[in-house]
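Colleague: You'll find my_file_2.txt just under this line, and it carries compact mmCIF, N, CA and C atoms.
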```
# COMPACT_ATOMS: atom_id res chain seq x y z
N MET Q 1 -39.58 -48.07 -16.43
CA MET Q 1 -40.30 -46.94 -15.89
C MET Q 1 -41.37 -46.51 -16.89
N SER Q 2 -42.54 -47.02 -16.73
CA SER Q 2 -43.60 -46.70 -17.69
C SER Q 2 -44.50 -45.57 -17.20
N GLN Q 3 -44.44 -45.24 -15.91
CA GLN Q 3 -45.24 -44.16 -15.34
C GLN Q 3 -44.31 -43.17 -14.66
N ILE Q 4 -44.70 -41.90 -14.62
CA ILE Q 4 -43.87 -40.89 -13.96
C ILE Q 4 -43.66 -41.24 -12.50
N ASP Q 5 -44.69 -41.77 -11.84
CA ASP Q 5 -44.55 -42.13 -10.42
C ASP Q 5 -43.50 -43.21 -10.20
N ASP Q 6 -43.18 -43.99 -11.24
CA ASP Q 6 -42.17 -45.05 -11.12
C ASP Q 6 -40.74 -44.52 -11.21
N ILE Q 7 -40.58 -43.30 -11.71
CA ILE Q 7 -39.24 -42.73 -11.88
C ILE Q 7 -38.69 -42.36 -10.50
N THR Q 8 -37.49 -42.83 -10.22
CA THR Q 8 -36.85 -42.53 -8.94
C THR Q 8 -35.35 -42.39 -9.14
N ILE Q 9 -34.72 -41.69 -8.21
CA ILE Q 9 -33.27 -41.56 -8.21
C ILE Q 9 -32.67 -42.57 -7.23
N GLU Q 10 -33.53 -43.17 -6.40
CA GLU Q 10 -33.05 -44.11 -5.39
C GLU Q 10 -32.34 -45.29 -6.05
N TYR Q 11 -31.21 -45.68 -5.44
CA TYR Q 11 -30.41 -46.76 -6.00
C TYR Q 11 -30.00 -47.71 -4.88
N GLU Q 12 -30.27 -48.98 -5.12
CA GLU Q 12 -29.97 -50.01 -4.13
C GLU Q 12 -29.04 -51.05 -4.75
N GLU Q 13 -28.10 -51.51 -3.95
CA GLU Q 13 -27.17 -52.55 -4.40
C GLU Q 13 -26.95 -53.52 -3.24
N SER Q 14 -27.12 -54.80 -3.50
CA SER Q 14 -26.94 -55.85 -2.49
C SER Q 14 -27.77 -55.58 -1.23
N GLY Q 15 -28.99 -55.08 -1.45
CA GLY Q 15 -29.90 -54.85 -0.33
C GLY Q 15 -29.64 -53.57 0.45
N GLN Q 16 -28.67 -52.78 0.03
CA GLN Q 16 -28.34 -51.55 0.74
C GLN Q 16 -28.64 -50.36 -0.17
N ILE Q 17 -29.35 -49.37 0.38
CA ILE Q 17 -29.69 -48.18 -0.40
C ILE Q 17 -28.47 -47.26 -0.43
N LEU Q 18 -27.90 -47.08 -1.62
CA LEU Q 18 -26.71 -46.25 -1.79
C LEU Q 18 -27.09 -44.79 -2.06
N ILE Q 19 -28.19 -44.58 -2.77
CA ILE Q 19 -28.73 -43.24 -3.00
C ILE Q 19 -30.16 -43.24 -2.49
N GLN Q 20 -30.39 -42.43 -1.48
CA GLN Q 20 -31.69 -42.37 -0.82
C GLN Q 20 -32.45 -41.14 -1.32
N GLU Q 21 -33.56 -41.35 -2.01
CA GLU Q 21 -34.39 -40.25 -2.49
C GLU Q 21 -35.18 -39.70 -1.31
N THR Q 22 -35.07 -38.38 -1.08
CA THR Q 22 -35.77 -37.75 0.04
C THR Q 22 -36.80 -36.73 -0.42
N GLY Q 23 -36.91 -36.54 -1.73
CA GLY Q 23 -37.91 -35.63 -2.27
C GLY Q 23 -37.95 -35.71 -3.78
N LYS Q 24 -39.12 -35.37 -4.33
CA LYS Q 24 -39.31 -35.45 -5.78
C LYS Q 24 -40.40 -34.47 -6.18
N CYS Q 25 -40.15 -33.67 -7.22
CA CYS Q 25 -41.14 -32.74 -7.73
C CYS Q 25 -41.09 -32.73 -9.25
N VAL Q 26 -42.22 -33.01 -9.88
CA VAL Q 26 -42.30 -32.95 -11.34
C VAL Q 26 -42.41 -31.47 -11.73
N LEU Q 27 -41.39 -30.98 -12.43
CA LEU Q 27 -41.36 -29.57 -12.83
C LEU Q 27 -42.16 -29.32 -14.09
N SER Q 28 -42.10 -30.26 -15.03
CA SER Q 28 -42.88 -30.13 -16.26
C SER Q 28 -43.13 -31.51 -16.85
N ASN Q 29 -44.23 -31.59 -17.58
CA ASN Q 29 -44.61 -32.85 -18.23
C ASN Q 29 -45.37 -32.51 -19.49
N THR Q 30 -44.72 -32.78 -20.64
CA THR Q 30 -45.36 -32.49 -21.92
C THR Q 30 -45.95 -33.74 -22.57
N GLY Q 31 -45.89 -34.84 -21.87
CA GLY Q 31 -46.37 -36.10 -22.44
C GLY Q 31 -45.22 -36.99 -22.84
N THR Q 32 -44.36 -36.48 -23.73
CA THR Q 32 -43.20 -37.28 -24.13
C THR Q 32 -41.94 -36.90 -23.36
N TRP Q 33 -41.93 -35.71 -22.78
CA TRP Q 33 -40.79 -35.25 -21.98
C TRP Q 33 -41.27 -34.91 -20.58
N VAL Q 34 -40.48 -35.27 -19.58
CA VAL Q 34 -40.78 -34.90 -18.20
C VAL Q 34 -39.49 -34.42 -17.54
N THR Q 35 -39.60 -33.36 -16.76
CA THR Q 35 -38.47 -32.82 -16.02
C THR Q 35 -38.79 -32.95 -14.53
N ILE Q 36 -37.85 -33.55 -13.79
CA ILE Q 36 -38.08 -33.82 -12.37
C ILE Q 36 -36.92 -33.28 -11.55
N LEU Q 37 -37.25 -32.64 -10.43
CA LEU Q 37 -36.25 -32.21 -9.46
C LEU Q 37 -36.26 -33.22 -8.32
N PHE Q 38 -35.09 -33.80 -8.04
CA PHE Q 38 -34.96 -34.78 -6.96
C PHE Q 38 -34.13 -34.19 -5.83
N ARG Q 39 -34.45 -34.60 -4.62
CA ARG Q 39 -33.65 -34.33 -3.42
C ARG Q 39 -33.15 -35.69 -2.95
N PHE Q 40 -31.85 -35.78 -2.62
CA PHE Q 40 -31.31 -37.10 -2.27
C PHE Q 40 -30.08 -36.98 -1.37
N ARG Q 41 -29.72 -38.13 -0.79
CA ARG Q 41 -28.49 -38.25 -0.01
C ARG Q 41 -27.79 -39.53 -0.44
N GLN Q 42 -26.46 -39.48 -0.46
CA GLN Q 42 -25.66 -40.65 -0.84
C GLN Q 42 -25.03 -41.27 0.39
N LEU Q 43 -24.99 -42.60 0.39
CA LEU Q 43 -24.37 -43.32 1.48
C LEU Q 43 -22.85 -43.17 1.40
N LYS Q 44 -22.25 -42.80 2.52
CA LYS Q 44 -20.78 -42.72 2.58
C LYS Q 44 -20.27 -44.11 2.91
N GLN Q 45 -19.50 -44.67 2.01
CA GLN Q 45 -19.02 -46.04 2.18
C GLN Q 45 -18.13 -46.20 3.41
N ASP Q 46 -17.35 -45.16 3.72
CA ASP Q 46 -16.41 -45.26 4.84
C ASP Q 46 -17.08 -45.21 6.21
N THR Q 47 -18.23 -44.51 6.33
CA THR Q 47 -18.90 -44.38 7.63
C THR Q 47 -20.20 -45.16 7.72
N GLY Q 48 -20.79 -45.49 6.56
CA GLY Q 48 -22.08 -46.15 6.56
C GLY Q 48 -23.24 -45.22 6.85
N GLU Q 49 -22.97 -43.91 6.88
CA GLU Q 49 -24.01 -42.91 7.11
C GLU Q 49 -24.26 -42.13 5.83
N TYR Q 50 -25.45 -41.54 5.77
CA TYR Q 50 -25.79 -40.74 4.59
C TYR Q 50 -25.19 -39.35 4.71
N GLY Q 51 -24.71 -38.84 3.59
CA GLY Q 51 -24.11 -37.53 3.53
C GLY Q 51 -25.16 -36.43 3.48
N PRO Q 52 -24.71 -35.21 3.21
CA PRO Q 52 -25.61 -34.06 3.18
C PRO Q 52 -26.57 -34.12 1.98
N GLU Q 53 -27.62 -33.32 2.08
CA GLU Q 53 -28.61 -33.23 1.01
C GLU Q 53 -27.97 -32.72 -0.28
N LYS Q 54 -28.38 -33.32 -1.38
CA LYS Q 54 -27.99 -32.89 -2.72
C LYS Q 54 -29.27 -32.85 -3.55
N PHE Q 55 -29.15 -32.30 -4.74
CA PHE Q 55 -30.32 -32.14 -5.61
C PHE Q 55 -29.94 -32.48 -7.04
N SER Q 56 -30.91 -32.90 -7.84
CA SER Q 56 -30.64 -33.24 -9.23
C SER Q 56 -31.86 -32.91 -10.07
N VAL Q 57 -31.63 -32.21 -11.18
CA VAL Q 57 -32.68 -31.94 -12.17
C VAL Q 57 -32.44 -32.93 -13.30
N ARG Q 58 -33.47 -33.71 -13.61
CA ARG Q 58 -33.31 -34.75 -14.64
C ARG Q 58 -34.44 -34.68 -15.67
N ARG Q 59 -34.04 -34.89 -16.93
CA ARG Q 59 -35.01 -34.88 -18.04
C ARG Q 59 -35.13 -36.30 -18.58
N TYR Q 60 -36.36 -36.72 -18.75
CA TYR Q 60 -36.66 -38.05 -19.27
C TYR Q 60 -37.51 -37.91 -20.53
N ASN Q 61 -37.26 -38.80 -21.48
CA ASN Q 61 -38.02 -38.85 -22.72
C ASN Q 61 -38.76 -40.18 -22.76
N ARG Q 62 -40.04 -40.11 -23.09
CA ARG Q 62 -40.84 -41.33 -23.19
C ARG Q 62 -40.68 -41.91 -24.59
N VAL Q 63 -40.12 -43.11 -24.66
CA VAL Q 63 -39.89 -43.80 -25.92
C VAL Q 63 -40.44 -45.21 -25.78
N GLY Q 64 -41.34 -45.59 -26.67
CA GLY Q 64 -41.90 -46.93 -26.62
C GLY Q 64 -42.59 -47.25 -25.30
N GLY Q 65 -43.21 -46.24 -24.71
CA GLY Q 65 -43.93 -46.45 -23.45
C GLY Q 65 -43.06 -46.44 -22.21
N GLU Q 66 -41.76 -46.23 -22.35
CA GLU Q 66 -40.83 -46.21 -21.21
C GLU Q 66 -40.13 -44.87 -21.13
N TYR Q 67 -39.94 -44.36 -19.90
CA TYR Q 67 -39.18 -43.12 -19.71
C TYR Q 67 -37.70 -43.45 -19.62
N ARG Q 68 -36.91 -42.72 -20.40
CA ARG Q 68 -35.46 -42.93 -20.42
C ARG Q 68 -34.75 -41.62 -20.06
N LEU Q 69 -33.76 -41.71 -19.17
CA LEU Q 69 -32.99 -40.54 -18.78
C LEU Q 69 -32.22 -40.01 -19.98
N LYS Q 70 -32.37 -38.71 -20.25
CA LYS Q 70 -31.67 -38.09 -21.38
C LYS Q 70 -30.63 -37.07 -20.93
N SER Q 71 -30.87 -36.42 -19.81
CA SER Q 71 -29.89 -35.46 -19.30
C SER Q 71 -30.12 -35.23 -17.82
N LYS Q 72 -29.06 -34.76 -17.15
CA LYS Q 72 -29.18 -34.46 -15.73
C LYS Q 72 -28.21 -33.36 -15.35
N PHE Q 73 -28.57 -32.66 -14.29
CA PHE Q 73 -27.71 -31.64 -13.70
C PHE Q 73 -27.78 -31.83 -12.20
N ASP Q 74 -26.64 -32.16 -11.59
CA ASP Q 74 -26.59 -32.37 -10.15
C ASP Q 74 -26.15 -31.10 -9.45
N ILE Q 75 -26.85 -30.76 -8.39
CA ILE Q 75 -26.52 -29.62 -7.54
C ILE Q 75 -25.88 -30.23 -6.30
N SER Q 76 -24.61 -29.97 -6.12
CA SER Q 76 -23.80 -30.74 -5.18
C SER Q 76 -23.93 -30.37 -3.72
N SER Q 77 -24.60 -29.27 -3.41
CA SER Q 77 -24.70 -28.88 -2.00
C SER Q 77 -25.89 -27.95 -1.79
N VAL Q 78 -26.28 -27.82 -0.52
CA VAL Q 78 -27.34 -26.88 -0.16
C VAL Q 78 -26.88 -25.46 -0.48
N ARG Q 79 -25.60 -25.17 -0.28
CA ARG Q 79 -25.06 -23.84 -0.57
C ARG Q 79 -25.20 -23.50 -2.06
N GLN Q 80 -24.82 -24.44 -2.91
CA GLN Q 80 -24.95 -24.20 -4.35
C GLN Q 80 -26.42 -24.03 -4.73
N ALA Q 81 -27.30 -24.84 -4.14
CA ALA Q 81 -28.74 -24.71 -4.41
C ALA Q 81 -29.24 -23.33 -4.00
N GLY Q 82 -28.77 -22.83 -2.86
CA GLY Q 82 -29.16 -21.50 -2.41
C GLY Q 82 -28.75 -20.41 -3.38
N LYS Q 83 -27.56 -20.54 -3.94
CA LYS Q 83 -27.10 -19.56 -4.93
C LYS Q 83 -27.97 -19.59 -6.18
N ILE Q 84 -28.33 -20.79 -6.61
CA ILE Q 84 -29.19 -20.93 -7.79
C ILE Q 84 -30.55 -20.29 -7.52
N VAL Q 85 -31.12 -20.58 -6.35
CA VAL Q 85 -32.42 -20.00 -5.98
C VAL Q 85 -32.34 -18.48 -5.94
N SER Q 86 -31.26 -17.96 -5.36
CA SER Q 86 -31.09 -16.51 -5.24
C SER Q 86 -31.06 -15.82 -6.60
N ILE Q 87 -30.24 -16.32 -7.50
CA ILE Q 87 -30.12 -15.66 -8.81
C ILE Q 87 -31.39 -15.86 -9.64
N LEU Q 88 -32.01 -17.03 -9.54
CA LEU Q 88 -33.27 -17.24 -10.26
C LEU Q 88 -34.36 -16.31 -9.74
N THR Q 89 -34.42 -16.12 -8.44
CA THR Q 89 -35.39 -15.20 -7.85
C THR Q 89 -35.18 -13.79 -8.39
N GLN Q 90 -33.92 -13.37 -8.43
CA GLN Q 90 -33.59 -12.04 -8.95
C GLN Q 90 -34.01 -11.92 -10.41
N TRP Q 91 -33.63 -12.91 -11.21
CA TRP Q 91 -33.95 -12.86 -12.64
C TRP Q 91 -35.46 -12.88 -12.89
N ILE Q 92 -36.18 -13.66 -12.11
CA ILE Q 92 -37.64 -13.73 -12.27
C ILE Q 92 -38.27 -12.38 -11.94
N GLN Q 93 -37.82 -11.76 -10.85
CA GLN Q 93 -38.33 -10.43 -10.48
C GLN Q 93 -38.04 -9.42 -11.58
N GLU Q 94 -36.83 -9.47 -12.15
CA GLU Q 94 -36.48 -8.56 -13.23
C GLU Q 94 -37.35 -8.81 -14.46
N ALA Q 95 -37.55 -10.08 -14.80
CA ALA Q 95 -38.36 -10.42 -15.97
C ALA Q 95 -39.80 -9.96 -15.80
N GLU Q 96 -40.32 -10.13 -14.58
CA GLU Q 96 -41.71 -9.72 -14.31
C GLU Q 96 -41.88 -8.21 -14.32
N SER Q 97 -40.83 -7.49 -13.99
CA SER Q 97 -40.91 -6.03 -13.97
C SER Q 97 -40.45 -5.40 -15.28
N GLY Q 98 -39.95 -6.23 -16.19
CA GLY Q 98 -39.50 -5.75 -17.49
C GLY Q 98 -38.09 -5.20 -17.49
N GLU Q 99 -37.38 -5.39 -16.37
CA GLU Q 99 -35.99 -4.91 -16.27
C GLU Q 99 -35.04 -5.93 -16.87
N GLU Q 100 -33.89 -5.43 -17.26
CA GLU Q 100 -32.80 -6.32 -17.67
C GLU Q 100 -31.52 -5.77 -17.07
N THR Q 101 -30.77 -6.66 -16.40
CA THR Q 101 -29.49 -6.25 -15.85
C THR Q 101 -28.43 -7.25 -16.28
N ALA Q 102 -27.19 -6.87 -16.11
CA ALA Q 102 -26.08 -7.74 -16.49
C ALA Q 102 -26.02 -8.95 -15.55
N THR Q 103 -25.58 -10.08 -16.08
CA THR Q 103 -25.40 -11.29 -15.29
C THR Q 103 -24.23 -11.08 -14.34
N GLN Q 104 -24.42 -11.56 -13.11
CA GLN Q 104 -23.35 -11.44 -12.11
C GLN Q 104 -22.38 -12.57 -12.24
```
As structure tokens - that is how I would like this structure written.
Modeller:
Amino acid sequence: MSQIDDITIEYEESGQILIQETGKCVLSNTGTWVTILFRFRQLKQDTGEYGPEKFSVRRYNRVGGEYRLKSKFDISSVRQAGKIVSILTQWIQEAESGEETATQ
């Protein structure tokens, strides 16, 4: 993976896509570090159908011209993603208004 556009979460084995990337957004890019938010679905082996949407935040470091995965955080469901969005929205509003409240 020498270019950011080449970075993907999609995974194929024996001609079958096991992890299907359905979205990608570069959150930050400092040149040597890039943070990407992925949207994906995993193939259910028992049914042959793709499961519900999941999300993953991944950090890559560029070493020797290649991007290498250094860390990841998987968001396991739309419900969990909604909770993250809700609390981040609250915290951002508080930070912009200069307020500070206790963590819930």
Colleague: Taking 6 positions as the minimum chain separation for residues in the same chain, which residues sit within 8 Å of region 40-52 of chain Q when counting all atoms listed in the file? Answer as a PyMOL selection string.
Modeller: chain Q and resi 9-10+17-24+76-78
Colleague: Among region 3-104 of chain Q, which ones does DSSP place in strand (DSSP E or B), written as a PyMOL selection string?
Modeller: chain Q and resi 11-13+16-29+33-43+50+54-63+66-75
Colleague: Taking (-40.1, -35.2, -22.7) in the coordinates of the supplied file, I want to know which residues reach to within 7 Å of it, counting all atoms listed in the file; could you give the answer as a PyMOL selection string?
Modeller: chain Q and resi 29-35+59-62
Colleague: DSSP on the backbone: what in chain Q comes out alpha helix (DSSP H), as a list in words?
Modeller: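 Output for chain Q, alpha helix (DSSP H) only: Val78, Arg79, Gln80, Ala81, Gly82, Lys83, Ile84, Val85, Ser86, Ile87, Leu88, Thr89, Gln90, Trp91, Ile92, Gln93, Glu94, Ala95, Glu96 and Ser97 of chain Q.
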Colleague: Restricting the output to N, CA and C atoms, write the selected residues as an mmCIF file, in the frame of the given file.
Modeller:
```
data_model
loop_
_atom_site.group_PDB
_atom_site.id
_atom_site.type_symbol
_atom_site.label_atom_id
_atom_site.label_comp_id
_atom_site.auth_asym_id
_atom_site.auth_seq_id
_atom_site.Cartn_x
_atom_site.Cartn_y
_atom_site.Cartn_z
ATOM 1 N N VAL Q 78 -26.280 -27.820 -0.520
ATOM 2 C CA VAL Q 78 -27.340 -26.880 -0.160
ATOM 3 C C VAL Q 78 -26.880 -25.460 -0.480
ATOM 4 N N ARG Q 79 -25.600 -25.170 -0.280
ATOM 5 C CA ARG Q 79 -25.060 -23.840 -0.570
ATOM 6 C C ARG Q 79 -25.200 -23.500 -2.060
ATOM 7 N N GLN Q 80 -24.820 -24.440 -2.910
ATOM 8 C CA GLN Q 80 -24.950 -24.200 -4.350
ATOM 9 C C GLN Q 80 -26.420 -24.030 -4.730
ATOM 10 N N ALA Q 81 -27.300 -24.840 -4.140
ATOM 11 C CA ALA Q 81 -28.740 -24.710 -4.410
ATOM 12 C C ALA Q 81 -29.240 -23.330 -4.000
ATOM 13 N N GLY Q 82 -28.770 -22.830 -2.860
ATOM 14 C CA GLY Q 82 -29.160 -21.500 -2.410
ATOM 15 C C GLY Q 82 -28.750 -20.410 -3.380
ATOM 16 N N LYS Q 83 -27.560 -20.540 -3.940
ATOM 17 C CA LYS Q 83 -27.100 -19.560 -4.930
ATOM 18 C C LYS Q 83 -27.970 -19.590 -6.180
ATOM 19 N N ILE Q 84 -28.330 -20.790 -6.610
ATOM 20 C CA ILE Q 84 -29.190 -20.930 -7.790
ATOM 21 C C ILE Q 84 -30.550 -20.290 -7.520
ATOM 22 N N VAL Q 85 -31.120 -20.580 -6.350
ATOM 23 C CA VAL Q 85 -32.420 -20.000 -5.980
ATOM 24 C C VAL Q 85 -32.340 -18.480 -5.940
ATOM 25 N N SER Q 86 -31.260 -17.960 -5.360
ATOM 26 C CA SER Q 86 -31.090 -16.510 -5.240
ATOM 27 C C SER Q 86 -31.060 -15.820 -6.600
ATOM 28 N N ILE Q 87 -30.240 -16.320 -7.500
ATOM 29 C CA ILE Q 87 -30.120 -15.660 -8.810
ATOM 30 C C ILE Q 87 -31.390 -15.860 -9.640
ATOM 31 N N LEU Q 88 -32.010 -17.030 -9.540
ATOM 32 C CA LEU Q 88 -33.270 -17.240 -10.260
ATOM 33 C C LEU Q 88 -34.360 -16.310 -9.740
ATOM 34 N N THR Q 89 -34.420 -16.120 -8.440
ATOM 35 C CA THR Q 89 -35.390 -15.200 -7.850
ATOM 36 C C THR Q 89 -35.180 -13.790 -8.390
ATOM 37 N N GLN Q 90 -33.920 -13.370 -8.430
ATOM 38 C CA GLN Q 90 -33.590 -12.040 -8.950
ATOM 39 C C GLN Q 90 -34.010 -11.920 -10.410
ATOM 40 N N TRP Q 91 -33.630 -12.910 -11.210
ATOM 41 C CA TRP Q 91 -33.950 -12.860 -12.640
ATOM 42 C C TRP Q 91 -35.460 -12.880 -12.890
ATOM 43 N N ILE Q 92 -36.180 -13.660 -12.110
ATOM 44 C CA ILE Q 92 -37.640 -13.730 -12.270
ATOM 45 C C ILE Q 92 -38.270 -12.380 -11.940
ATOM 46 N N GLN Q 93 -37.820 -11.760 -10.850
ATOM 47 C CA GLN Q 93 -38.330 -10.430 -10.480
ATOM 48 C C GLN Q 93 -38.040 -9.420 -11.580
ATOM 49 N N GLU Q 94 -36.830 -9.470 -12.150
ATOM 50 C CA GLU Q 94 -36.480 -8.560 -13.230
ATOM 51 C C GLU Q 94 -37.350 -8.810 -14.460
ATOM 52 N N ALA Q 95 -37.550 -10.080 -14.800
ATOM 53 C CA ALA Q 95 -38.360 -10.420 -15.970
ATOM 54 C C ALA Q 95 -39.800 -9.960 -15.800
ATOM 55 N N GLU Q 96 -40.320 -10.130 -14.580
ATOM 56 C CA GLU Q 96 -41.710 -9.720 -14.310
ATOM 57 C C GLU Q 96 -41.880 -8.210 -14.320
ATOM 58 N N SER Q 97 -40.830 -7.490 -13.990
ATOM 59 C CA SER Q 97 -40.910 -6.030 -13.970
ATOM 60 C C SER Q 97 -40.450 -5.400 -15.280
#
```
Colleague: Between Q:Trp91, Q:Val26, Q:Asp6, Q:Val57, which is the closest to Phe73 (chain Q) once you count only C-alpha atoms?
Modeller: Q:Val57
Colleague: Compare Q:Gly65, Q:Ser56, Q:Gly15, Q:Leu88 by their minimum atom-to-atom distance to Gln3 (chain Q), counting all atoms listed in the file, and give me the closest one.
Modeller: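 With all atoms listed in the file as the atom set, the closest residue is Q:Gly65.
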